[in-house]
Amino acid sequence: MKNIEPHPDSESRLWLEQTWGKIIGKVENMCESIGADFPYASYHGKYNREQADWWTNGFWPGLLWLVYRETKDERLKEAAALTEARMDLVLNDFFPLHHDVGFMWSLSSVAQFKLLGHEDSRRRAMTAASHLAGRFNPAGQFIRAWNQPERVGWAIIDCMMNLPLLYWASEETKDPRFRHIARLHADTTLREFLRPDGSTHHIVCFDPETGERQEALGGQGYDPDSAWSRGTAWAIYGMALSARYTGDRRYIDAAKRSAHFFLANLPDDGLPPWDFRAPWEEGMAMDSTASACAASGLLELSLLVPSSESRMYFDAAEKLIRKLDEQYTAWNDPHEEAILLFGTANSPRKTHVNVPIIYGDYFFAEAICKLRSIKDTFW
Ligand code: GLY
């Protein structure tokens with residue numbers, strides 16, 4: 001794997017080390033108050049909690065593992081391992097599973113397995129990968145997203161981030177079937193979701209019997225033809241990850257297309273609106289999580305392109321993370337346990353608007369780790 005060096009100037013290095021130090025402090029404090037639980041969005045300075053099946057439940061153990069990887073603080077390891085074990089309730093069929101098992105078990109079980117070789121973690125991740133593979137619809141060549149009967153033919157852009165669990169499972173078992181499914185889904189996404197300008201649909205519906213494409217839906221975006229900003233970030237990072245695992249140039253080109261769309265539409269301060277094509281209005285929902293995820297995706301992309309292009313993506317990511325750091329982090333608020341402010345989960349439904357969200361914290365910390373010196377990811 002190519003290793004891009006952080007900027008040699010001491011100011012940049014100092015900023016990165018200081019920011020990483022602040023992340024360690026935040027995560028240690030969060031660990032005290034959250035322990036082995038399922039934090040999601042922060043209100044009045046404290047993260048609320050979700051049930052064991054919630055799609056974001058990998059991000060908290062993932063954040064703990066990012067920090068543990070360097071500090072070897074046993075308290076963080078215990079909290080991450082216990083959070084993962086609590087998700088067994090879901091794997092053991094108490095809750096119905098959905099396609100977001102990739103988000104959930106890549107950052108918990110795959111992370112623990114990569115770091116510590118824990119056999120239970122490998123088994124959990126393999127169980128989750130088998131479930132994800134089982135959601136594949138061969139007629140439409142897509143992975144089914146959700147479980148409602150009327151959504152049997154729905155796929156969503158977010159699923160690109162679930163595919164690394166399948167690629168990992170193929171590498172682990174030396175059985176290419178998981179990878180074949182991931183590639184077929186990625187190809188469908190390329191063909192049916194991504195537009196020529198690099199923006200993407202959130203939801204595409206297929207006839208589950210014939211596999212024929214029926215329509216696109218707005219979903220968490222403004223309308224079927226709009227450009228949900230976090231969806232764009234899922235496209236950048238997800239396509240880059242598929243490219244990393246397969247070496248397929250088409251995925252690199254797709255990640256680049258979405259990256260250029262994201263950067264060209266980003267406001268100067270690095271904080272995107274929830275949808276790049278939503279009409280501007282007073283008090284609009286913004287989404288820092290989209291920028292944090294896009295930045296980490298740009299850093300992934302910087303490893304896949306020729307050296308003449310690498311630095312451009314690396315620098316764009318650094319600039320973006322710096323802007324978030326300068327204006328949209330909670331370092332100076334001792335009453336806020338989260339790191340990154342102004343995330344939006346779902347603007348159309350008005351759920352968790354302009355508040356810290358756990359995946360914003362995760363991607364911000366992951367991007368800082370990569371900027372310090374690019375290391376293996378848990379994806
Ligand atoms: N995967 C759902 C979301 O990005 O909000």
# chains A, B, ... in the order shown; residues from 1 in each chain; ligands from 1
>>> residues_near_ligand(ligand="ligand 1", cutoff="10 Å", atoms="only C-alpha atoms and all ligand atoms", output="number ranges by chain")
A: 55-56, 99-100, 103, 145, 156-159, 161-162, 202, 219-220, 228-231, 233-234, 289-290, 344-347, 359
>>> write_last_selection(atoms="N, CA and C atoms", output="PDB file, in the first residue's frame")
ATOM      1  N   TRP A  55     -28.156   0.718  12.960  1.00  0.00           N
ATOM      2  CA  TRP A  55     -27.117   0.600  11.932  1.00  0.00           C
ATOM      3  C   TRP A  55     -25.805   1.277  12.291  1.00  0.00           C
ATOM      4  N   THR A  56     -25.842   2.246  13.215  1.00  0.00           N
ATOM      5  CA  THR A  56     -24.609   2.988  13.535  1.00  0.00           C
ATOM      6  C   THR A  56     -23.792   2.349  14.664  1.00  0.00           C
ATOM      7  N   HIS A  99     -29.206  -4.644   5.784  1.00  0.00           N
ATOM      8  CA  HIS A  99     -27.932  -4.692   5.043  1.00  0.00           C
ATOM      9  C   HIS A  99     -26.795  -3.960   5.741  1.00  0.00           C
ATOM     10  N   ASP A 100     -27.105  -3.171   6.765  1.00  0.00           N
ATOM     11  CA  ASP A 100     -26.050  -2.376   7.390  1.00  0.00           C
ATOM     12  C   ASP A 100     -25.166  -3.176   8.343  1.00  0.00           C
ATOM     13  N   PHE A 103     -21.538  -1.875   8.089  1.00  0.00           N
ATOM     14  CA  PHE A 103     -21.182  -0.780   8.992  1.00  0.00           C
ATOM     15  C   PHE A 103     -20.983  -1.315  10.417  1.00  0.00           C
ATOM     16  N   ALA A 145     -31.753  -3.612   0.719  1.00  0.00           N
ATOM     17  CA  ALA A 145     -31.388  -2.753   1.850  1.00  0.00           C
ATOM     18  C   ALA A 145     -32.168  -3.096   3.118  1.00  0.00           C
ATOM     19  N   ILE A 156     -29.816   0.883  -1.792  1.00  0.00           N
ATOM     20  CA  ILE A 156     -29.457   2.278  -1.483  1.00  0.00           C
ATOM     21  C   ILE A 156     -27.941   2.480  -1.596  1.00  0.00           C
ATOM     22  N   ILE A 157     -27.567   3.748  -1.857  1.00  0.00           N
ATOM     23  CA  ILE A 157     -26.154   4.064  -2.105  1.00  0.00           C
ATOM     24  C   ILE A 157     -25.279   3.722  -0.904  1.00  0.00           C
ATOM     25  N   ASP A 158     -25.845   3.841   0.297  1.00  0.00           N
ATOM     26  CA  ASP A 158     -25.101   3.584   1.536  1.00  0.00           C
ATOM     27  C   ASP A 158     -24.452   2.198   1.541  1.00  0.00           C
ATOM     28  N   CYS A 159     -25.072   1.265   0.809  1.00  0.00           N
ATOM     29  CA  CYS A 159     -24.610  -0.129   0.835  1.00  0.00           C
ATOM     30  C   CYS A 159     -23.184  -0.280   0.326  1.00  0.00           C
ATOM     31  N   MET A 161     -20.756   1.069   1.453  1.00  0.00           N
ATOM     32  CA  MET A 161     -19.888   0.964   2.636  1.00  0.00           C
ATOM     33  C   MET A 161     -20.043  -0.378   3.346  1.00  0.00           C
ATOM     34  N   ASN A 162     -21.064  -1.143   2.975  1.00  0.00           N
ATOM     35  CA  ASN A 162     -21.213  -2.484   3.555  1.00  0.00           C
ATOM     36  C   ASN A 162     -20.386  -3.529   2.808  1.00  0.00           C
ATOM     37  N   HIS A 202     -30.235   8.343  -3.870  1.00  0.00           N
ATOM     38  CA  HIS A 202     -30.151   7.614  -2.611  1.00  0.00           C
ATOM     39  C   HIS A 202     -30.726   6.211  -2.778  1.00  0.00           C
ATOM     40  N   GLY A 219     -35.510   9.536  -0.917  1.00  0.00           N
ATOM     41  CA  GLY A 219     -34.997   8.997   0.336  1.00  0.00           C
ATOM     42  C   GLY A 219     -34.566  10.090   1.297  1.00  0.00           C
ATOM     43  N   GLN A 220     -33.324  10.026   1.726  1.00  0.00           N
ATOM     44  CA  GLN A 220     -32.827  11.041   2.659  1.00  0.00           C
ATOM     45  C   GLN A 220     -32.373  12.307   1.929  1.00  0.00           C
ATOM     46  N   TRP A 228     -28.064  14.259  -2.211  1.00  0.00           N
ATOM     47  CA  TRP A 228     -27.889  14.118  -0.753  1.00  0.00           C
ATOM     48  C   TRP A 228     -26.388  14.110  -0.463  1.00  0.00           C
ATOM     49  N   SER A 229     -25.932  15.007   0.401  1.00  0.00           N
ATOM     50  CA  SER A 229     -24.469  15.167   0.536  1.00  0.00           C
ATOM     51  C   SER A 229     -23.810  13.931   1.156  1.00  0.00           C
ATOM     52  N   ARG A 230     -24.447  13.323   2.175  1.00  0.00           N
ATOM     53  CA  ARG A 230     -23.798  12.130   2.741  1.00  0.00           C
ATOM     54  C   ARG A 230     -23.839  10.970   1.745  1.00  0.00           C
ATOM     55  N   GLY A 231     -24.868  10.917   0.940  1.00  0.00           N
ATOM     56  CA  GLY A 231     -24.908   9.895  -0.099  1.00  0.00           C
ATOM     57  C   GLY A 231     -23.722  10.048  -1.057  1.00  0.00           C
ATOM     58  N   ALA A 233     -20.863  11.277  -0.229  1.00  0.00           N
ATOM     59  CA  ALA A 233     -19.690  10.799   0.520  1.00  0.00           C
ATOM     60  C   ALA A 233     -19.638   9.271   0.537  1.00  0.00           C
ATOM     61  N   TRP A 234     -20.804   8.613   0.708  1.00  0.00           N
ATOM     62  CA  TRP A 234     -20.814   7.137   0.647  1.00  0.00           C
ATOM     63  C   TRP A 234     -20.306   6.667  -0.713  1.00  0.00           C
ATOM     64  N   THR A 289     -21.026  15.428   8.904  1.00  0.00           N
ATOM     65  CA  THR A 289     -20.639  14.011   8.784  1.00  0.00           C
ATOM     66  C   THR A 289     -20.311  13.678   7.326  1.00  0.00           C
ATOM     67  N   ALA A 290     -21.005  14.347   6.397  1.00  0.00           N
ATOM     68  CA  ALA A 290     -20.724  14.117   4.980  1.00  0.00           C
ATOM     69  C   ALA A 290     -19.292  14.531   4.660  1.00  0.00           C
ATOM     70  N   THR A 344     -26.307  15.931  10.396  1.00  0.00           N
ATOM     71  CA  THR A 344     -27.751  15.747  10.201  1.00  0.00           C
ATOM     72  C   THR A 344     -28.022  14.321   9.751  1.00  0.00           C
ATOM     73  N   ALA A 345     -28.856  13.607  10.532  1.00  0.00           N
ATOM     74  CA  ALA A 345     -29.160  12.211  10.188  1.00  0.00           C
ATOM     75  C   ALA A 345     -30.149  12.163   9.033  1.00  0.00           C
ATOM     76  N   ASN A 346     -31.278  12.844   9.198  1.00  0.00           N
ATOM     77  CA  ASN A 346     -32.329  12.727   8.186  1.00  0.00           C
ATOM     78  C   ASN A 346     -33.133  14.014   8.152  1.00  0.00           C
ATOM     79  N   SER A 347     -32.830  14.870   7.201  1.00  0.00           N
ATOM     80  CA  SER A 347     -33.510  16.165   7.142  1.00  0.00           C
ATOM     81  C   SER A 347     -34.975  16.036   6.731  1.00  0.00           C
ATOM     82  N   TYR A 359     -21.181   8.863  13.780  1.00  0.00           N
ATOM     83  CA  TYR A 359     -20.336   8.561  12.622  1.00  0.00           C
ATOM     84  C   TYR A 359     -19.537   9.781  12.181  1.00  0.00           C
TER      85      TYR A 359
END
>>> select_by_dssp(residues="segment 66-216 of chain A", states="alpha helix (DSSP H)", output="number ranges by chain")
A: 66-71, 74-86, 88-91, 101-105, 111-116, 119-134, 163-173, 177-192
>>> write_last_selection(atoms="C-alpha atoms", output="PDB file, in the first residue's frame")
ATOM      1  CA  LEU A  66      -8.821   3.752  16.485  1.00  0.00           C
ATOM      2  CA  VAL A  67      -7.572   5.223  19.742  1.00  0.00           C
ATOM      3  CA  TYR A  68      -6.727   1.899  21.412  1.00  0.00           C
ATOM      4  CA  ARG A  69      -4.585   0.986  18.391  1.00  0.00           C
ATOM      5  CA  GLU A  70      -2.164   3.694  19.481  1.00  0.00           C
ATOM      6  CA  THR A  71      -2.615   4.201  23.211  1.00  0.00           C
ATOM      7  CA  GLU A  74      -7.183  -1.299  28.323  1.00  0.00           C
ATOM      8  CA  ARG A  75     -10.358   0.555  29.323  1.00  0.00           C
ATOM      9  CA  LEU A  76     -11.045   1.394  25.666  1.00  0.00           C
ATOM     10  CA  LYS A  77     -10.371  -2.177  24.589  1.00  0.00           C
ATOM     11  CA  GLU A  78     -12.784  -3.538  27.185  1.00  0.00           C
ATOM     12  CA  ALA A  79     -15.549  -1.103  26.207  1.00  0.00           C
ATOM     13  CA  ALA A  80     -15.116  -1.892  22.485  1.00  0.00           C
ATOM     14  CA  ALA A  81     -15.072  -5.661  23.040  1.00  0.00           C
ATOM     15  CA  LEU A  82     -18.126  -5.532  25.306  1.00  0.00           C
ATOM     16  CA  THR A  83     -20.099  -3.343  22.892  1.00  0.00           C
ATOM     17  CA  GLU A  84     -19.371  -5.886  20.159  1.00  0.00           C
ATOM     18  CA  ALA A  85     -20.462  -8.747  22.421  1.00  0.00           C
ATOM     19  CA  ARG A  86     -23.712  -6.916  23.207  1.00  0.00           C
ATOM     20  CA  ASP A  88     -24.680 -10.734  19.649  1.00  0.00           C
ATOM     21  CA  LEU A  89     -28.294 -10.192  20.582  1.00  0.00           C
ATOM     22  CA  VAL A  90     -28.788  -9.074  16.979  1.00  0.00           C
ATOM     23  CA  LEU A  91     -26.660 -11.750  15.342  1.00  0.00           C
ATOM     24  CA  VAL A 101     -24.321  -5.342   8.978  1.00  0.00           C
ATOM     25  CA  GLY A 102     -21.229  -4.077   7.112  1.00  0.00           C
ATOM     26  CA  PHE A 103     -21.182  -0.780   8.992  1.00  0.00           C
ATOM     27  CA  MET A 104     -21.896  -2.645  12.223  1.00  0.00           C
ATOM     28  CA  TRP A 105     -19.428  -5.538  12.110  1.00  0.00           C
ATOM     29  CA  ALA A 111     -11.498  -4.272  13.684  1.00  0.00           C
ATOM     30  CA  GLN A 112     -10.976  -6.425  16.756  1.00  0.00           C
ATOM     31  CA  PHE A 113      -9.954  -9.401  14.617  1.00  0.00           C
ATOM     32  CA  LYS A 114      -7.430  -7.310  12.661  1.00  0.00           C
ATOM     33  CA  LEU A 115      -5.965  -5.840  15.837  1.00  0.00           C
ATOM     34  CA  LEU A 116      -6.073  -8.784  18.216  1.00  0.00           C
ATOM     35  CA  GLU A 119     -11.562 -15.808  17.080  1.00  0.00           C
ATOM     36  CA  ASP A 120     -15.072 -14.869  18.328  1.00  0.00           C
ATOM     37  CA  SER A 121     -14.777 -11.620  16.375  1.00  0.00           C
ATOM     38  CA  ARG A 122     -13.904 -13.478  13.200  1.00  0.00           C
ATOM     39  CA  ARG A 123     -16.921 -15.756  13.689  1.00  0.00           C
ATOM     40  CA  ARG A 124     -19.238 -12.786  14.242  1.00  0.00           C
ATOM     41  CA  ALA A 125     -17.945 -10.961  11.159  1.00  0.00           C
ATOM     42  CA  MET A 126     -18.307 -14.118   9.052  1.00  0.00           C
ATOM     43  CA  THR A 127     -21.892 -14.572  10.286  1.00  0.00           C
ATOM     44  CA  ALA A 128     -22.685 -10.966   9.361  1.00  0.00           C
ATOM     45  CA  ALA A 129     -21.022 -11.381   5.930  1.00  0.00           C
ATOM     46  CA  SER A 130     -23.095 -14.506   5.262  1.00  0.00           C
ATOM     47  CA  HIS A 131     -26.241 -12.591   6.120  1.00  0.00           C
ATOM     48  CA  LEU A 132     -25.243  -9.760   3.780  1.00  0.00           C
ATOM     49  CA  ALA A 133     -24.485 -12.185   0.948  1.00  0.00           C
ATOM     50  CA  GLY A 134     -27.893 -13.782   1.517  1.00  0.00           C
ATOM     51  CA  LEU A 163     -19.294  -4.202   0.748  1.00  0.00           C
ATOM     52  CA  PRO A 164     -15.878  -4.256   2.478  1.00  0.00           C
ATOM     53  CA  LEU A 165     -17.287  -6.885   4.859  1.00  0.00           C
ATOM     54  CA  LEU A 166     -17.843  -9.149   1.838  1.00  0.00           C
ATOM     55  CA  TYR A 167     -14.395  -8.481   0.377  1.00  0.00           C
ATOM     56  CA  TRP A 168     -12.872  -9.215   3.779  1.00  0.00           C
ATOM     57  CA  ALA A 169     -14.861 -12.462   4.042  1.00  0.00           C
ATOM     58  CA  SER A 170     -13.536 -13.637   0.670  1.00  0.00           C
ATOM     59  CA  GLU A 171      -9.969 -12.879   1.677  1.00  0.00           C
ATOM     60  CA  GLU A 172     -10.437 -14.674   5.009  1.00  0.00           C
ATOM     61  CA  THR A 173     -12.078 -17.802   3.607  1.00  0.00           C
ATOM     62  CA  ARG A 177     -18.309 -15.878  -3.711  1.00  0.00           C
ATOM     63  CA  PHE A 178     -18.565 -12.975  -1.239  1.00  0.00           C
ATOM     64  CA  ARG A 179     -16.385 -10.823  -3.508  1.00  0.00           C
ATOM     65  CA  HIS A 180     -18.427 -11.764  -6.591  1.00  0.00           C
ATOM     66  CA  ILE A 181     -21.590 -10.547  -4.856  1.00  0.00           C
ATOM     67  CA  ALA A 182     -19.911  -7.318  -3.750  1.00  0.00           C
ATOM     68  CA  ARG A 183     -18.683  -6.629  -7.289  1.00  0.00           C
ATOM     69  CA  LEU A 184     -22.055  -7.299  -8.865  1.00  0.00           C
ATOM     70  CA  HIS A 185     -23.702  -4.905  -6.411  1.00  0.00           C
ATOM     71  CA  ALA A 186     -20.995  -2.274  -7.041  1.00  0.00           C
ATOM     72  CA  ASP A 187     -21.530  -2.639 -10.806  1.00  0.00           C
ATOM     73  CA  THR A 188     -25.276  -2.136 -10.375  1.00  0.00           C
ATOM     74  CA  THR A 189     -24.558   0.963  -8.290  1.00  0.00           C
ATOM     75  CA  LEU A 190     -22.243   2.295 -10.999  1.00  0.00           C
ATOM     76  CA  ARG A 191     -24.866   1.746 -13.655  1.00  0.00           C
ATOM     77  CA  GLU A 192     -28.079   2.709 -11.853  1.00  0.00           C
TER      78      GLU A 192
END
>>> select_by_dssp(residues="segment 278-352 of chain A", states="strand (DSSP E or B)", output="CSV table (one decimal) with all heavy atoms, in the first residue's frame")
chain,number,residue,atom,x,y,z
A,286,MET,N,-27.5,21.2,8.0
A,286,MET,CA,-26.1,21.1,7.4
A,286,MET,C,-25.6,19.7,7.8
A,286,MET,O,-26.2,19.1,8.7
A,286,MET,CB,-25.2,22.2,8.0
A,286,MET,CG,-25.7,23.6,7.8
A,286,MET,SD,-26.1,24.0,6.1
A,286,MET,CE,-24.5,24.5,5.5
A,329,THR,N,-15.9,21.9,15.6
A,329,THR,CA,-15.6,20.8,16.6
A,329,THR,C,-15.9,21.4,18.0
A,329,THR,O,-16.0,22.6,18.1
A,329,THR,CB,-14.1,20.5,16.5
A,329,THR,OG1,-13.3,21.6,16.3
A,329,THR,CG2,-13.8,19.5,15.4
A,340,LEU,N,-17.5,16.3,16.8
A,340,LEU,CA,-17.9,17.1,15.6
A,340,LEU,C,-19.4,17.6,15.7
A,340,LEU,O,-20.3,16.8,15.9
A,340,LEU,CB,-17.7,16.2,14.4
A,340,LEU,CG,-17.8,16.9,13.0
A,340,LEU,CD1,-16.7,17.9,12.8
A,340,LEU,CD2,-17.7,15.8,11.9
A,343,GLY,N,-24.0,17.7,12.5
A,343,GLY,CA,-24.4,16.6,11.6
A,343,GLY,C,-25.9,16.5,11.5
A,343,GLY,O,-26.6,17.0,12.3
A,346,ASN,N,-31.3,12.8,9.2
A,346,ASN,CA,-32.3,12.7,8.2
A,346,ASN,C,-33.1,14.0,8.2
A,346,ASN,O,-34.0,14.2,9.0
A,346,ASN,CB,-33.2,11.5,8.5
A,346,ASN,CG,-34.2,11.2,7.4
A,346,ASN,OD1,-34.7,12.0,6.7
A,346,ASN,ND2,-34.4,9.9,7.3
A,351,THR,N,-35.1,14.2,11.7
A,351,THR,CA,-34.5,13.5,12.8
A,351,THR,C,-33.0,13.8,12.9
A,351,THR,O,-32.3,13.7,12.0
A,351,THR,CB,-34.7,12.0,12.7
A,351,THR,OG1,-34.4,11.6,11.4
A,351,THR,CG2,-36.1,11.5,13.1
>>> closest_residue(among="A:Pro334, A:Pro196, A:Pro96, A:Pro176", to="Trp146 of chain A", atoms="only C-alpha atoms")
A:Pro96
>>> residues_around(residues="Leu63 of chain A", least_positions_apart="6", cutoff="12 Å", atoms="only C-alpha atoms", output="ChimeraX atom specification")
/A:23-24,26-28,30-31,39,56-57,69-70,76-77,79-80,83,107-108,111-112,338-339,358-369,377-378
>>> atom_distance(atom1="atom CA of Phe59 of chain A", atom2="atom CA of Tyr328 of chain A")
19.5 Å
>>> closest_residue(among="A:Asn354, A:Ser373, A:Ser33, A:Asn137", to="Phe206 of chain A", atoms="only C-alpha atoms")
A:Asn137
>>> residues_around(residues="Leu16 of chain A", least_positions_apart="2", cutoff="9 Å", atoms="only C-alpha atoms", output="list in words")
Glu11, Ser12, Arg13, Leu14, Gln18, Thr19, Trp20, Gly21, Ile368, Cys369, Leu371 and Arg372 of chain A
>>> closest_residue(among="A:Val152, A:Ala294, A:Ala243, A:Ala330", to="Phe261 of chain A", atoms="only C-alpha atoms")
A:Ala294
>>> residues_around(residues="Thr210 of chain A", least_positions_apart="4", cutoff="12 Å", atoms="only C-alpha atoms", output="list of chain:residue names")
A:Asn137, A:Pro138, A:Ala139, A:Gly140, A:Gln141, A:Gly153, A:Cys205, A:Phe206, A:Gln214
>>> write_last_selection(atoms="C-alpha atoms", output="compact mmCIF listing (two decimals), in the first residue's frame")
# COMPACT_ATOMS: atom_id res chain seq x y z
CA ASN A 137 -31.03 -10.53 -5.47
CA PRO A 138 -29.51 -12.30 -8.53
CA ALA A 139 -32.24 -11.09 -10.91
CA GLY A 140 -31.50 -7.41 -10.26
CA GLN A 141 -27.88 -7.96 -9.09
CA GLY A 153 -36.64 -4.54 -4.35
CA CYS A 205 -36.17 0.38 -6.70
CA PHE A 206 -36.04 -2.78 -8.80
CA GLN A 214 -38.40 0.75 -11.74
>>> residues_around(residues="segment 314-316 of chain A", least_positions_apart="3", cutoff="12 Å", atoms="only C-alpha atoms", output="MDAnalysis selection string")
chainID A and resid 3:7 12 259:260 262:264 266 270 291:292 294:305 307:311 319:323 367:368 370:374
>>> write_last_selection(atoms="C-alpha atoms", output="CSV table (one decimal), in the first residue's frame")
chain,number,residue,atom,x,y,z
A,3,ASN,CA,2.1,5.7,2.0
A,4,ILE,CA,1.7,9.4,1.4
A,5,GLU,CA,3.7,11.3,3.9
A,6,PRO,CA,2.0,14.0,5.9
A,7,HIS,CA,3.1,17.5,4.9
A,12,SER,CA,1.0,20.9,9.8
A,259,ALA,CA,-15.1,13.4,-5.3
A,260,HIS,CA,-15.0,16.2,-7.8
A,262,PHE,CA,-18.5,16.9,-3.7
A,263,LEU,CA,-15.6,19.4,-3.7
A,264,ALA,CA,-17.0,21.6,-6.4
A,266,LEU,CA,-18.8,22.4,-1.0
A,270,GLY,CA,-16.3,22.9,4.5
A,291,SER,CA,-17.5,16.1,4.9
A,292,ALA,CA,-15.7,13.9,7.5
A,294,ALA,CA,-15.8,12.4,2.2
A,295,ALA,CA,-12.4,13.4,3.6
A,296,SER,CA,-11.6,9.9,4.7
A,297,GLY,CA,-12.7,8.7,1.3
A,298,LEU,CA,-10.5,11.2,-0.4
A,299,LEU,CA,-7.6,9.8,1.6
A,300,GLU,CA,-8.5,6.3,0.5
A,301,LEU,CA,-8.6,7.5,-3.1
A,302,SER,CA,-5.2,9.2,-2.8
A,303,LEU,CA,-3.7,5.7,-2.4
A,304,LEU,CA,-5.2,4.4,-5.6
A,305,VAL,CA,-4.4,7.0,-8.1
A,307,SER,CA,1.4,9.8,-7.8
A,308,SER,CA,0.8,12.9,-9.9
A,309,GLU,CA,-2.8,12.9,-8.6
A,310,SER,CA,-2.3,11.6,-5.1
A,311,ARG,CA,-1.3,14.8,-3.5
A,319,LYS,CA,-8.0,21.2,4.0
A,320,LEU,CA,-11.5,19.9,4.6
A,321,ILE,CA,-10.6,18.4,8.0
A,322,ARG,CA,-8.8,21.5,9.0
A,323,LYS,CA,-11.9,23.6,8.2
A,367,ALA,CA,-9.3,10.9,8.7
A,368,ILE,CA,-6.9,12.4,11.3
A,370,LYS,CA,-4.8,8.7,8.0
A,371,LEU,CA,-3.4,12.2,7.7
A,372,ARG,CA,-0.9,11.5,10.4
A,373,SER,CA,0.5,8.6,8.4
A,374,ILE,CA,-1.8,6.4,6.4
>>> closest_residue(among="A:Glu150, A:Ser258, A:Leu64, A:Arg250", to="His201 of chain A", atoms="only C-alpha atoms")
A:Ser258
>>> atom_distance(atom1="atom CA of Val355 of chain A", atom2="atom CA of Ala278 of chain A")
19.2 Å
>>> atom_distance(atom1="atom CA of Thr232 of chain A", atom2="atom CA of Gly198 of chain A")
7.9 Å
>>> decode(residues="segment 315-320 of chain A", atoms="all heavy atoms", output="mmCIF file, in the first residue's frame")
data_model
loop_
_atom_site.group_PDB
_atom_site.id
_atom_site.type_symbol
_atom_site.label_atom_id
_atom_site.label_comp_id
_atom_site.auth_asym_id
_atom_site.auth_seq_id
_atom_site.Cartn_x
_atom_site.Cartn_y
_atom_site.Cartn_z
ATOM 1 N N ASP A 315 -4.346 16.607 -0.186
ATOM 2 C CA ASP A 315 -4.437 18.000 0.266
ATOM 3 C C ASP A 315 -5.883 18.463 0.419
ATOM 4 O O ASP A 315 -6.220 19.211 1.340
ATOM 5 C CB ASP A 315 -3.704 18.923 -0.711
ATOM 6 C CG ASP A 315 -2.194 18.774 -0.599
ATOM 7 O OD1 ASP A 315 -1.743 18.087 0.335
ATOM 8 O OD2 ASP A 315 -1.470 19.323 -1.452
ATOM 9 N N ALA A 316 -6.751 18.008 -0.489
ATOM 10 C CA ALA A 316 -8.169 18.385 -0.377
ATOM 11 C C ALA A 316 -8.744 17.840 0.922
ATOM 12 O O ALA A 316 -9.515 18.524 1.622
ATOM 13 C CB ALA A 316 -8.951 17.856 -1.571
ATOM 14 N N ALA A 317 -8.368 16.621 1.275
ATOM 15 C CA ALA A 317 -8.868 16.022 2.521
ATOM 16 C C ALA A 317 -8.343 16.787 3.733
ATOM 17 O O ALA A 317 -9.086 17.098 4.662
ATOM 18 C CB ALA A 317 -8.444 14.554 2.597
ATOM 19 N N GLU A 318 -7.061 17.118 3.683
ATOM 20 C CA GLU A 318 -6.489 17.832 4.836
ATOM 21 C C GLU A 318 -7.161 19.190 5.019
ATOM 22 O O GLU A 318 -7.503 19.592 6.129
ATOM 23 C CB GLU A 318 -4.973 18.002 4.674
ATOM 24 C CG GLU A 318 -4.388 18.757 5.856
ATOM 25 C CD GLU A 318 -2.877 18.918 5.825
ATOM 26 O OE1 GLU A 318 -2.178 17.976 5.434
ATOM 27 O OE2 GLU A 318 -2.417 20.005 6.206
ATOM 28 N N LYS A 319 -7.361 19.875 3.895
ATOM 29 C CA LYS A 319 -7.990 21.204 3.951
ATOM 30 C C LYS A 319 -9.397 21.101 4.561
ATOM 31 O O LYS A 319 -9.804 21.905 5.396
ATOM 32 C CB LYS A 319 -8.067 21.754 2.526
ATOM 33 C CG LYS A 319 -8.078 23.258 2.434
ATOM 34 C CD LYS A 319 -7.802 23.661 1.000
ATOM 35 C CE LYS A 319 -8.678 24.820 0.602
ATOM 36 N NZ LYS A 319 -8.748 25.027 -0.827
ATOM 37 N N LEU A 320 -10.100 20.071 4.136
ATOM 38 C CA LEU A 320 -11.475 19.880 4.606
ATOM 39 C C LEU A 320 -11.503 19.587 6.105
ATOM 40 O O LEU A 320 -12.295 20.168 6.865
ATOM 41 C CB LEU A 320 -12.078 18.711 3.805
ATOM 42 C CG LEU A 320 -13.552 18.402 3.869
ATOM 43 C CD1 LEU A 320 -14.371 19.661 3.825
ATOM 44 C CD2 LEU A 320 -13.907 17.512 2.677
#
